[in-house]
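Okay, data_4.txt is below, compact mmCIF, C-alpha atoms and all ligand atoms:
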# COMPACT_ATOMS: atom_id res chain seq x y z
CA MET A 10 28.62 12.92 9.30
CA THR A 11 27.41 10.69 12.11
CA SER A 12 24.82 7.99 11.57
CA GLY A 13 22.16 6.76 13.93
CA VAL A 14 19.55 4.06 14.03
CA ARG A 15 15.96 5.21 13.99
CA ARG A 16 12.67 3.47 13.72
CA GLY A 17 10.49 4.72 10.87
CA PRO A 18 6.88 4.11 9.97
CA ILE A 19 5.39 0.75 9.05
CA ILE A 20 4.33 0.98 5.39
CA LEU A 21 1.88 -1.48 3.90
CA ILE A 22 2.00 -2.32 0.20
CA GLY A 23 0.04 -4.87 -1.79
CA PHE A 24 -2.70 -5.40 -4.31
CA MET A 25 -6.17 -3.86 -4.02
CA GLY A 26 -8.17 -5.86 -1.52
CA SER A 27 -5.15 -7.17 0.36
CA GLY A 28 -6.34 -5.51 3.59
CA LYS A 29 -3.81 -2.64 3.81
CA SER A 30 -6.24 -0.10 5.25
CA SER A 31 -7.96 -2.43 7.72
CA VAL A 32 -4.74 -3.99 8.96
CA GLY A 33 -2.98 -0.60 8.99
CA GLN A 34 -5.69 0.99 11.13
CA LEU A 35 -5.61 -1.94 13.51
CA ILE A 36 -1.82 -1.72 13.95
CA ALA A 37 -1.98 2.06 14.43
CA GLN A 38 -4.68 1.63 17.05
CA ARG A 39 -2.69 -0.99 18.91
CA ILE A 40 0.59 0.94 18.82
CA GLY A 41 -1.25 4.20 19.56
CA CYS A 42 0.16 6.09 16.57
CA PRO A 43 -1.33 8.00 13.61
CA PHE A 44 -2.61 6.14 10.54
CA ARG A 45 -1.96 7.60 7.10
CA ASP A 46 -3.20 6.49 3.71
CA THR A 47 -1.78 7.73 0.40
CA ASP A 48 -5.18 7.46 -1.35
CA ARG A 49 -6.73 9.62 1.41
CA LEU A 50 -3.92 12.18 1.06
CA VAL A 51 -4.52 12.38 -2.70
CA ILE A 52 -8.28 12.78 -2.18
CA ARG A 53 -7.72 15.52 0.40
CA GLU A 54 -5.23 17.35 -1.77
CA THR A 55 -7.24 17.22 -5.01
CA GLY A 56 -10.76 17.34 -3.58
CA LEU A 57 -11.71 14.44 -5.87
CA GLU A 58 -12.50 10.79 -5.18
CA ILE A 59 -10.13 8.23 -6.76
CA SER A 60 -12.74 7.15 -9.32
CA GLU A 61 -13.34 10.80 -10.28
CA LEU A 62 -9.60 11.39 -10.61
CA PHE A 63 -9.19 8.45 -12.99
CA ALA A 64 -12.26 9.44 -15.02
CA GLU A 65 -11.61 13.18 -15.19
CA LYS A 66 -7.81 13.49 -15.10
CA GLY A 67 -6.51 10.04 -16.06
CA GLU A 68 -4.23 7.52 -14.39
CA ALA A 69 -0.99 9.45 -15.08
CA PHE A 70 -2.32 12.44 -13.15
CA PHE A 71 -3.32 10.18 -10.26
CA ARG A 72 0.15 8.55 -10.21
CA ASP A 73 1.76 11.96 -10.09
CA ARG A 74 -0.38 13.00 -7.10
CA GLU A 75 0.33 9.65 -5.44
CA THR A 76 4.09 10.23 -5.70
CA ALA A 77 3.59 13.74 -4.25
CA ALA A 78 1.65 12.21 -1.35
CA LEU A 79 4.46 9.73 -0.70
CA ARG A 80 7.07 12.50 -0.82
CA SER A 81 5.05 14.49 1.71
CA LEU A 82 5.48 11.62 4.18
CA ALA A 83 9.30 11.81 4.17
CA GLY A 84 10.64 12.10 7.71
CA GLU A 85 7.54 10.57 9.31
CA GLN A 86 8.54 8.33 12.17
CA ASN A 87 5.95 6.88 14.43
CA CYS A 88 2.98 6.05 12.19
CA VAL A 89 1.46 3.39 9.95
CA ILE A 90 1.02 4.14 6.25
CA ALA A 91 -1.29 2.28 3.84
CA THR A 92 -0.59 2.78 0.14
CA GLY A 93 -2.58 2.35 -3.08
CA GLY A 94 -2.10 -0.97 -4.86
CA GLY A 95 -0.30 0.59 -7.82
CA ILE A 96 2.24 2.62 -5.88
CA VAL A 97 5.05 0.17 -6.72
CA THR A 98 4.58 0.66 -10.48
CA VAL A 99 6.54 3.94 -10.35
CA ALA A 100 10.31 3.50 -9.86
CA GLU A 101 10.66 6.70 -7.82
CA ASN A 102 7.99 5.43 -5.41
CA ARG A 103 9.89 2.20 -4.84
CA THR A 104 12.97 4.21 -3.84
CA LEU A 105 10.92 6.54 -1.61
CA LEU A 106 9.24 3.59 0.11
CA GLY A 107 12.56 1.97 0.94
CA GLU A 108 13.90 5.23 2.40
CA LEU A 109 10.77 5.90 4.43
CA GLY A 110 10.48 2.91 6.73
CA PHE A 111 9.66 -0.75 7.19
CA VAL A 112 7.92 -1.85 3.98
CA VAL A 113 5.57 -4.81 4.38
CA PHE A 114 3.96 -6.64 1.46
CA LEU A 115 0.49 -7.99 2.25
CA LYS A 116 0.33 -10.97 -0.07
CA ALA A 117 -2.87 -12.78 -1.01
CA ASP A 118 -3.70 -15.34 -3.67
CA GLU A 119 -5.66 -14.38 -6.76
CA GLU A 120 -8.87 -16.14 -5.68
CA THR A 121 -8.91 -14.36 -2.34
CA ILE A 122 -8.25 -10.98 -3.91
CA PHE A 123 -10.94 -11.48 -6.54
CA ALA A 124 -13.48 -12.42 -3.88
CA ARG A 125 -12.58 -9.32 -1.86
CA VAL A 126 -12.52 -6.78 -4.70
CA SER A 127 -15.75 -8.12 -6.23
CA ARG A 128 -17.55 -6.83 -3.16
CA ASN A 129 -17.26 -3.24 -4.31
CA GLN A 130 -17.21 -1.59 -7.72
CA LYS A 131 -15.07 1.39 -6.79
CA ARG A 132 -11.76 0.36 -8.34
CA PRO A 133 -11.30 2.06 -11.72
CA LEU A 134 -8.63 -0.37 -12.96
CA LEU A 135 -11.05 -3.28 -12.63
CA GLN A 136 -13.94 -1.56 -14.43
CA THR A 137 -13.23 -3.55 -17.60
CA ASP A 138 -15.12 -6.08 -19.73
CA ASN A 139 -13.24 -8.87 -18.00
CA PRO A 140 -12.27 -7.79 -14.46
CA ARG A 141 -10.99 -11.26 -13.62
CA GLN A 142 -8.48 -11.17 -16.50
CA SER A 143 -7.51 -7.57 -15.69
CA LEU A 144 -6.81 -8.57 -12.12
CA HIS A 145 -4.74 -11.55 -13.26
CA ASP A 146 -2.68 -9.39 -15.64
CA LEU A 147 -2.08 -6.65 -13.09
CA LEU A 148 -1.10 -9.16 -10.42
CA GLU A 149 1.37 -10.87 -12.72
CA LYS A 150 3.04 -7.55 -13.54
CA ARG A 151 3.09 -6.27 -10.00
CA LEU A 152 4.04 -9.31 -7.95
CA PRO A 153 7.79 -8.95 -8.62
CA LEU A 154 7.57 -5.22 -7.87
CA TYR A 155 5.95 -5.77 -4.47
CA GLU A 156 8.50 -8.45 -3.67
CA ALA A 157 11.43 -6.22 -4.66
CA ALA A 158 10.12 -3.23 -2.70
CA ALA A 159 9.31 -5.08 0.53
CA HIS A 160 11.51 -5.67 3.55
CA PHE A 161 9.02 -8.25 4.80
CA THR A 162 6.14 -10.26 3.29
CA VAL A 163 3.10 -11.51 5.17
CA ASP A 164 0.64 -14.00 3.72
CA THR A 165 -2.90 -12.74 4.35
CA SER A 166 -4.99 -15.47 2.67
CA GLY A 167 -7.38 -17.07 5.15
CA ARG A 168 -6.02 -15.11 8.11
CA SER A 169 -7.68 -12.57 10.38
CA HIS A 170 -6.63 -8.94 10.49
CA ARG A 171 -5.52 -9.49 14.07
CA GLU A 172 -3.20 -12.39 13.13
CA ILE A 173 -1.70 -10.36 10.29
CA ALA A 174 -1.24 -7.32 12.52
CA ASP A 175 0.49 -9.47 15.18
CA GLU A 176 2.95 -10.85 12.64
CA ILE A 177 3.77 -7.40 11.25
CA MET A 178 4.22 -5.86 14.71
CA ALA A 179 6.57 -8.65 15.76
CA ALA A 180 8.63 -8.29 12.57
CA SER A 181 8.78 -4.49 12.84
CA ALA A 182 10.18 -4.73 16.35
CA ASP A 183 13.30 -6.37 14.88
CA PHE A 184 13.65 -3.85 12.08
CA SER A 185 15.79 -0.74 12.20
CA TRP A 186 18.20 0.85 9.80
CA GLN A 187 20.97 3.39 9.54
CA VAL A 188 20.07 6.94 8.63
CA SER A 189 21.95 10.19 8.77
CA PRO A 190 20.52 12.32 11.58
C1 LIG A 201 -5.01 1.23 -7.39
C2 LIG A 201 -5.41 0.86 -6.13
C3 LIG A 201 -6.31 1.70 -5.30
C4 LIG A 201 -6.19 3.18 -5.72
C5 LIG A 201 -6.40 3.31 -7.21
C6 LIG A 201 -5.37 2.52 -8.01
C7 LIG A 201 -4.13 0.30 -8.17
O1 LIG A 201 -5.98 1.58 -3.92
O2 LIG A 201 -4.94 3.70 -5.37
O3 LIG A 201 -7.69 2.85 -7.50
O4 LIG A 201 -3.51 0.74 -9.16
O5 LIG A 201 -4.02 -0.88 -7.78
P1 LIG A 201 -6.31 0.25 -3.06
O6 LIG A 201 -5.16 -0.68 -3.24
O7 LIG A 201 -6.38 0.78 -1.65
O8 LIG A 201 -7.60 -0.28 -3.53

Please rewrite the model in this file as structure tokens.
Ligand code: S3P
Amino acid sequence: MTSGVRRGPIILIGFMGSGKSSVGQLIAQRIGCPFRDTDRLVIRETGLEISELFAEKGEAFFRDRETAALRSLAGEQNCVIATGGGIVTVAENRTLLGELGFVVFLKADEETIFARVSRNQKRPLLQTDNPRQSLHDLLEKRLPLYEAAAHFTVDTSGRSHREIADEIMAASADFSWQVSP
């Protein structure tokens, strides 16, 4: 079997409010390639908003649909993919991400994330009595998972979407890996 080098999609991972969708759309626009979003794929496939899915079907159902969405992206090449903040919590997803393309962790500090997510009330996992504590606990659990899954980490705190996009595009230009054709 011969092997070749191919360039896969840029995949953005990171906590809610880390800017995955905004930065992802900006990169896609600048490269001139499609933008995909696992949350959007799940919404399209189920016909339900994320908050409705959590409320009506539960988190496990959502995670299952999220993995299906990720699987459906296998073989994608020239695109940018934004993922939901919890995608790294499922081991199979971490493997799929690594096989799919260039995985970039958008890192932000807790203060910055809290300020960003407090602006909208749509995130089911932060609809708790103490959202600040919930965020802290989730971040603590997930940080090592993002770091393990990523090929590259970019610090987003206090930086513009344009600066972040520039750094990711420069890093992705150096990234390629062996796949079987
Ligand atoms: C989630 C993050 C959300 C969405 C769902 C669960 C999480 O996506 O997938 O609410 O577990 O962190 P964003 O990261 O785009 O907000």

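Listed by chain and then residue number, the contacts of ligand LIG 201 (chain A) are Gly23, Phe24, Met25, Gly26, Lys29, Ser30, Asp48, Ile59, Ser60, Thr92, Gly93, Gly94, Gly95, Ile96, Arg132, Pro133 and Leu134 of chain A (distance at most 7 Å, using all atoms listed in the file).
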
Exercise for the section: Please identify all polymer residues within 9 Å of stretch 168-170 of chain A, counting all atoms listed in the file, omitting same-chain residues fewer than 3 positions from it, and present them as a list in words. Expected result: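 My reading of the contact set: Gly28, Ser31, Val32, Leu35, Asp164, Thr165, Ile173, Ala174 and Asp175 of chain A.
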
Problem - A:Ile122, A:Arg72, A:Pro18, A:Gln38 ranked by distance to A:Glu108, top pick (using only C-alpha atoms) - result: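 The closest residue to A:Glu108 is A:Pro18.
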
Problem - Point-to-point distance from atom CA of A:Asn87 to atom CA of A:Ile22, Å rounded to tenths - result: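 The value is 17.4 Å.
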
Practice task
Could you jot down the atom CA of A:Ile177 to atom CA of A:Ala91 separation for me, Å, one decimal place?
Solution key: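 One can read the atom CA of A:Ile177 to atom CA of A:Ala91 distance as 13.2 Å.
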
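Using only C-alpha atoms, the smallest distance between any of A:Ile20, A:Leu154, A:Cys88, A:Ala78 and A:Arg39 comes from A:Cys88.
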
Problem - Nearest-residue call for A:Glu58, choices A:Leu115, A:Lys131, A:Gln142, A:Gly41, using only C-alpha atoms - result: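 Closest candidate: A:Lys131.
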
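Among A:Glu120, A:Asp73, A:Asp138, A:Glu68, the residue with the shortest atom-to-atom distance to A:Ser166, counting all atoms listed in the file, is A:Glu120.
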
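Coordinates place atom CA of A:Thr137 at a distance of 17.2 Å from atom CA of A:Lys150.
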
Problem - All residues 7 Å or closer to A:Leu135, only C-alpha atoms, same chain fewer than 4 positions away omitted, as a ChimeraX atom specification - result: /A:140,143-144

Exercise for the section: Might you pull out every residue within 8 Å of A:Leu79, with only C-alpha atoms counted and same-chain residues fewer than 5 positions away left off, and present them as number ranges by chain? Expected result: A: 47, 102, 105-106

Those selected residues, please, written with C-alpha atoms and delivered as a PDB file, keeping the file's coordinate frame.
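Dumped everything to part.pdb:
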ATOM      1  CA  THR A  47      -1.780   7.730   0.400  1.00  0.00           C
ATOM      2  CA  ASN A 102       7.990   5.430  -5.410  1.00  0.00           C
ATOM      3  CA  LEU A 105      10.920   6.540  -1.610  1.00  0.00           C
ATOM      4  CA  LEU A 106       9.240   3.590   0.110  1.00  0.00           C
TER       5      LEU A 106
END

Practice task
Go through A:Gln86, A:Ser181, A:Ser27, A:Thr104 and flag the residue nearest A:Pro43, using only C-alpha atoms for the distances.
Solution key: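 Comparing A:Gln86, A:Ser181, A:Ser27, A:Thr104 against A:Pro43, the winner is A:Gln86.
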
Practice task
For each of A:Asp183, A:Glu85, A:Glu54, A:Asp118, take the minimum atom-to-atom distance to A:Phe71, counting all atoms listed in the file, then give the residue where this is smallest.
Solution key: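 Closest residue, counting all atoms listed in the file: A:Glu54.
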
Practice task
Around the point (6.7, -1.9, -5.6) in the file's coordinates, collect all residues with an atom within 6 Å, using only C-alpha atoms, and return them as a VMD selection string.
Solution key: chain A and resid 97 to 98 103 154 to 155 158
